[in-house]
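See below for the structure under consideration.
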Amino acid sequence: MDTNGVDDSELYQSCLRVAYLAYLTSPKLLAQSYAPPRPDSPGRSSRPISRHDAWTSALSSISDTFNVKDPKSLRFPKELIKVLGAKIERIARGADPSYSDILLRSTIGAFYGDYTADSFQRQIKDERKIETLILRFVTTAQNVLKKRSKGDEWKGQLNQQVGQFVNIIRECLRSRECKHAPPELISRLDAYSSKLIMPTNDHHETASSPSTSHQTLDATSGNVREMPMVQTVGRIFRIDSSQLQRDITEVKRICTERAAVGDMKALINAISQGASFPGTRTDFPSENAYVQWKQAEIATLGQLMLTMVKFHPDLVQSEESAHRSSVLSPLSPISSSLPSPLNKNGSLSGRPNSMAPSDSDHSYVFIPQDPKSYYRRLLDISLDLDIELIQSLGPDDEVSLQILSKAHVELLTECAIRWRITPPFRVTSFFDAISLRYMRGECPLIECVGEALTNVEKITNEWEYNRWPVQDRRYLFSSLSETFDSLLRRIFGIFKSQENVSVEEVDGLLELLSKIQGNLVFQEDILDYRARLEELKEGIGLVAMHHYSEQSGELFSTALNQVVPFFILLDWIKKTTKTLDKRFPKPILEAVDMPSIFLEKVSPLFLKDLDAAKSTFLSTADPSQGGVNDADIVDLYKGVLELASLHDAFCPNSPLPLDLTAWFEPFIRRWLDQTDAKTEGWVISAIKADQFVGEGQDQNSSSIVDLLDSCKSAIEFLQKLEWPDKYQNALYFTALSKTISKSMELYCFKIEELFMGEMFPRDAEAEASDVNRPGAWLTKARAIYQSDRKIETFQFTPQSCVKLNNIQAARNILDKMYSSMDADNVSAVVRSHRPAIAQKPEASRFLFTVKVIMGEGVAKEDGSTKVDPFLTLSDERGKRVAKTRTLYETNCPKWEETFDIPVQGSLWLAASIWHRNLVDEHEMLGRAYVCLDSRQFGNFLPQDLWFDLDTTGRIFMRISMEGEQDDIQFYFGKAFRSLKRAESDMVRNIVDKFSPIIHQYISLSNLKALLKTVTAFYNPLSKFDVEKARANVFDLYQKQFGSGSEIPPTEDEMREAALAKRGPAPKPMSDAEIEAAIGPVFEVLDAGLEVLKSSLSPEAWVLVTSKIWKEVLSTIESLLIPPLSDAPAEMKALDEKEVDIVFKLAQVPYELFQRWWYAITTSPSAAFSLCFSGDGIPIEDLQSSRFQRLLSIRLYYDQHADDLMEECVRLLTSTLVSKQATRTKSVINSRNIGTIKERKREKRAKKNEQSSGNVEIILRILRMRPGTQDFIQQQLRILHLQSATKSTSKTGAKSNARTGAANKGR
């Protein structure tokens, strides 16, 4: 006996009776029992059935059979359309052996064409009426049979084919695919099929003929082998065939059609009288529901009775006593007791029949005392057997989601019909049974539970929830509620145990939960829905915290490095979150978000542990002691940032309790300080490992690459952080740029120091005696000046060239770093966010740029005419802050060297000029004092200042100031300026090596020698053939522009042609004579530049050769005019012949350069070229402003002093009107290569537009004219005022100019 009080032996007897009744009423048996005797059968009377009667029987009762008040109850399932289509297609093709008749296949083939028509498909999908299918088949069959039959033969064939077609429909409805066929529809189809098999009785056979019953009994053999459903009962209850046969023999005495009709009559009476079974008004939620059920129940029972009566007219008799006697007859031969639950042999003997109805409480033959409990027990046994069978199947075998086999479904359906089990109870029982087995792990697929719930929803098409019996509705809610809780527990168990469950199973769980939650009965009857979900949330949160505590406790107790556990915990949190998000992509029931709950509970615990370890991390950077190194900072920060991002995505309404940027900010500051401290080590290590061997196109070596790679690594470190606070991120990059600027400064100092050691080498003997100083080479050059010995060419080394290449390569790499750091945007962010803080001028830091331009009147106390001066700048404590190079044999040294001096408040500098001695101490020639005061230079504009020495002479300086800024652009500007200063100093030292030969051959003494004789004192070297050079240039020009092209005249040639119109001039010296005179210059250049050309980068090569060309121009210019000063000049003006020779000295090499470059620069392959070796100076560098200024000297050189003063006033007036003093050469304007080039373009454009250069030329010429000193002093004051103010009004400029013009006659 099961938990519901159902005895399995009684259940077996009830099922056996129903199965036997199903056998008695099966269409196949009825056809055999009531088939007319064959004409040749002896001893049997036959009466041919009228074909007309057969035909009309096929159509007359369709409307009666399928006419009900509620058409929905007889609508066939939508799956039938597909199943029936496939079935008749197989029959038409001859693939179904059960229907092999040729004539039937022809009819089925014709019907298949009509069936698959779109219009008919739409009709049956909308209506889903079984009579529509039958009537269409009748029409098709009639047309086919009429064509193939004679006379009225087709009518009998029609009746037979319609019966076969109805049987096809019944088979399809009982298939697995049609899971939700209404039992009432199947019952009515069975009744209609019976009508087609047996014709209606005529006047030759009386309805009450006793022979009918006898004929029926004779037709039933009683062999269980012919009873499929009886065999199914035997298998379910494990009864062997022999015992089953004996039990059937006993059952046959009471289980007759008459007893079945009696049960149905009793049911109808019970319903009419309001008996407790099968239902009363109290069993239904409303009167309307009860009335609808009552009408449908009576109609169904009547239809079942009508079906049986049509086969057995004698069943209409009303002898109640006969029914009672058959019902109440003793059944002792078949009564038995089943073991628990059944005996292995299935014996039913030994126990009285407990199902025998009594007059008072139970009087049914086929209906047990508690039909619902019996039905549920039968369902449980059937499910267990089928599940056991499924578990024995292979992995590739197909399993139906209904679980139940076809035979079990037929038995359950038959029992439900005979026991009057309502459809709601049937589907609810199946759902409850499947759910229970899934939760116990017996049902392998959760889809089976979902399918069972779908059956519940589908039954509402015929049975709305408001019509369900009250107990059935409560049963459904109870089952749904228990399944709902079980599913929640299953989900909680998955989370708690962290078992590896497939995504498909989780999806099935969530889908089933959603279906239950969407069920109308569940929604209406649930009272604690929210409480259940909150309980689930709380449980998940507690489990999440428990899991974290277990993980962290184990890690912190065993880890040697305290930072490692945090990486492991971060990885665990992220992986768990992703797994939960994958398993539960949507919140459960739109309320329980698993990854959100997990993160909401775990993230604060992780951050709490991280905050507790902060002091340990900051105390040391040694990972072995629990500290955090640089790599750990990045990884830990990015991991925590990713955790924060996950938390914000899943928990937008629950912010993290820790400010991540504030927490990690001390670590970033510490890293910045450590990086700044490593700067000197970077520089020293990079230089120490460098062999200074040029590599690549730019010919730079490894040290600059290594150094800047270290800087790049630091930049990448900050970039990888992806710091969310833009202002803090900008401050970090600003601090790093300061470190980079510092490293560039130090690198330039170290490289320049090595470079100077190579430029001024000390031999072994000098090192030992420590007598000679680094200027020995230039001292030797000074001695050569005073003798006739030939100057030896300085031997440059490739290593020196590579050092210059490194400086230039650093500028290019630094410019890329500027872009990669997005420095402009960083600077803008800092300026927009940094609060304005008022500072006193004396508390601010400023950067002064001091350019030592020249000295004038520098001499010894003993009156020596020539000295070897250098200048030093020292602060108030005597510490030297700057030093110029030494110039030789001059009283007016032109250093033109620039120094940057940071000052806070104000600073006094001592500018001391020294005479260099080789052995003794250097001799001071004079000293001046310079005050660098921010208040004096508050306009931030450059000022040209003269400072008188305390002895004789004075110093000319240009001083400017700008505020030191904590700005990335400022720091990059300082770095670029350091590189530029180093580059300029190194190039200047290279040019200084060529200066002695340039000064020797382009000198007044050489000029006088040229005037004494036209004979060349120098035979051209074999390396320098002027005519050959001219020929090479001409050939290059011809190749470029064609053989018939002429070389166009230069600007100088056109200018000479204009001057020639003025009148005859003295016959000049020939070009060959002048070229022979300056030939040694090019010989030295060729020898010295050979190493430079092969070792310098293209950019450095052009820079060096351009500076050499500039030196040549400066030397030639010094032959014509004295330097700019307001003091009288000792230099006398040259006569016309001397001037011609000087300009020849400038014009001859220039013409050769110019013609060569005019041809080569028109070719796309033009690059850097030198005139004699094929590589040289670009044309724009040849035609520099200095060269243009040199040419302008000729225009003013012979003019009268009054004309020159008038022209000077005019030019100065126009300059003052248009010019505004601006600060362009600031640190900020030198922050990258782009701003440097832009400043150069602006400077070049201003030089082209303004005439200040010509004013200077005129003033220098006027120094050689008597009576012009006052005018020169006044004009210099105007120029000084111009540079000291931002702008000068037009009126003031004209007034000063007129004042100067009034004094020109003095």
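We label chains A, B, ... in the order they appear in the structure tokens, count residues from 1 in each chain, and number ligands from 1 in the order shown.
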Residue list (helix (DSSP H, G or I), DSSP) for range 412-586 of chain A, as an MDAnalysis selection string: chainID A and resid 412:419 423:439 446:459 465:467 470:497 503:518 520:525 529:558 564:583
Using only C-alpha atoms: which of A:Ile1261, A:Leu1089, A:Pro657, A:Ile813 has the shortest distance to Val1102 in chain A: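 The answer is A:Leu1089, which sits nearest to Val1102 in chain A.
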Selection: 8 Å around Thr107 in chain A, only C-alpha atoms, excl. self and same-chain fewer than 6 positions, as a list in words: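 Answer for this query is Thr140, Ala141, Val144 and Leu145 of chain A.
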Could those residues be written to a file, using all heavy atoms, as a PDB file, in the first residue's frame?
```
ATOM      1  N   THR A 140     -12.925  13.823 -51.462  1.00  0.00           N
ATOM      2  CA  THR A 140     -11.849  13.342 -52.330  1.00  0.00           C
ATOM      3  C   THR A 140     -12.034  11.863 -52.664  1.00  0.00           C
ATOM      4  O   THR A 140     -11.890  11.438 -53.824  1.00  0.00           O
ATOM      5  CB  THR A 140     -10.501  13.549 -51.638  1.00  0.00           C
ATOM      6  OG1 THR A 140     -10.340  14.929 -51.303  1.00  0.00           O
ATOM      7  CG2 THR A 140      -9.354  13.136 -52.548  1.00  0.00           C
ATOM      8  N   ALA A 141     -12.384  11.053 -51.648  1.00  0.00           N
ATOM      9  CA  ALA A 141     -12.556   9.619 -51.877  1.00  0.00           C
ATOM     10  C   ALA A 141     -13.721   9.343 -52.821  1.00  0.00           C
ATOM     11  O   ALA A 141     -13.660   8.451 -53.694  1.00  0.00           O
ATOM     12  CB  ALA A 141     -12.776   8.906 -50.543  1.00  0.00           C
ATOM     13  N   VAL A 144     -12.570   9.906 -56.408  1.00  0.00           N
ATOM     14  CA  VAL A 144     -11.646   8.878 -56.872  1.00  0.00           C
ATOM     15  C   VAL A 144     -12.373   7.555 -57.122  1.00  0.00           C
ATOM     16  O   VAL A 144     -12.186   6.884 -58.150  1.00  0.00           O
ATOM     17  CB  VAL A 144     -10.504   8.691 -55.858  1.00  0.00           C
ATOM     18  CG1 VAL A 144      -9.635   7.493 -56.253  1.00  0.00           C
ATOM     19  CG2 VAL A 144      -9.670   9.938 -55.760  1.00  0.00           C
ATOM     20  N   LEU A 145     -13.266   7.153 -56.197  1.00  0.00           N
ATOM     21  CA  LEU A 145     -13.943   5.864 -56.303  1.00  0.00           C
ATOM     22  C   LEU A 145     -14.962   5.838 -57.426  1.00  0.00           C
ATOM     23  O   LEU A 145     -15.173   4.791 -58.069  1.00  0.00           O
ATOM     24  CB  LEU A 145     -14.612   5.530 -54.962  1.00  0.00           C
ATOM     25  CG  LEU A 145     -13.648   5.266 -53.793  1.00  0.00           C
ATOM     26  CD1 LEU A 145     -14.424   5.086 -52.490  1.00  0.00           C
ATOM     27  CD2 LEU A 145     -12.798   4.034 -54.047  1.00  0.00           C
TER      28      LEU A 145
END
```
Interatomic distance (Å, one decimal) between CA of Asn917 in chain A and CA of Leu887 in chain A: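 Atom-to-atom, CA of Asn917 in chain A and CA of Leu887 in chain A are spaced 12.3 Å apart.
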Pairwise distance for CA of Leu1124 in chain A and CA of Leu1262 in chain A, rounded to one decimal in Å: 9.7 Å
CA of Ser702 in chain A to CA of Met756 in chain A, distance in Å rounded to a single decimal: 19.9 Å
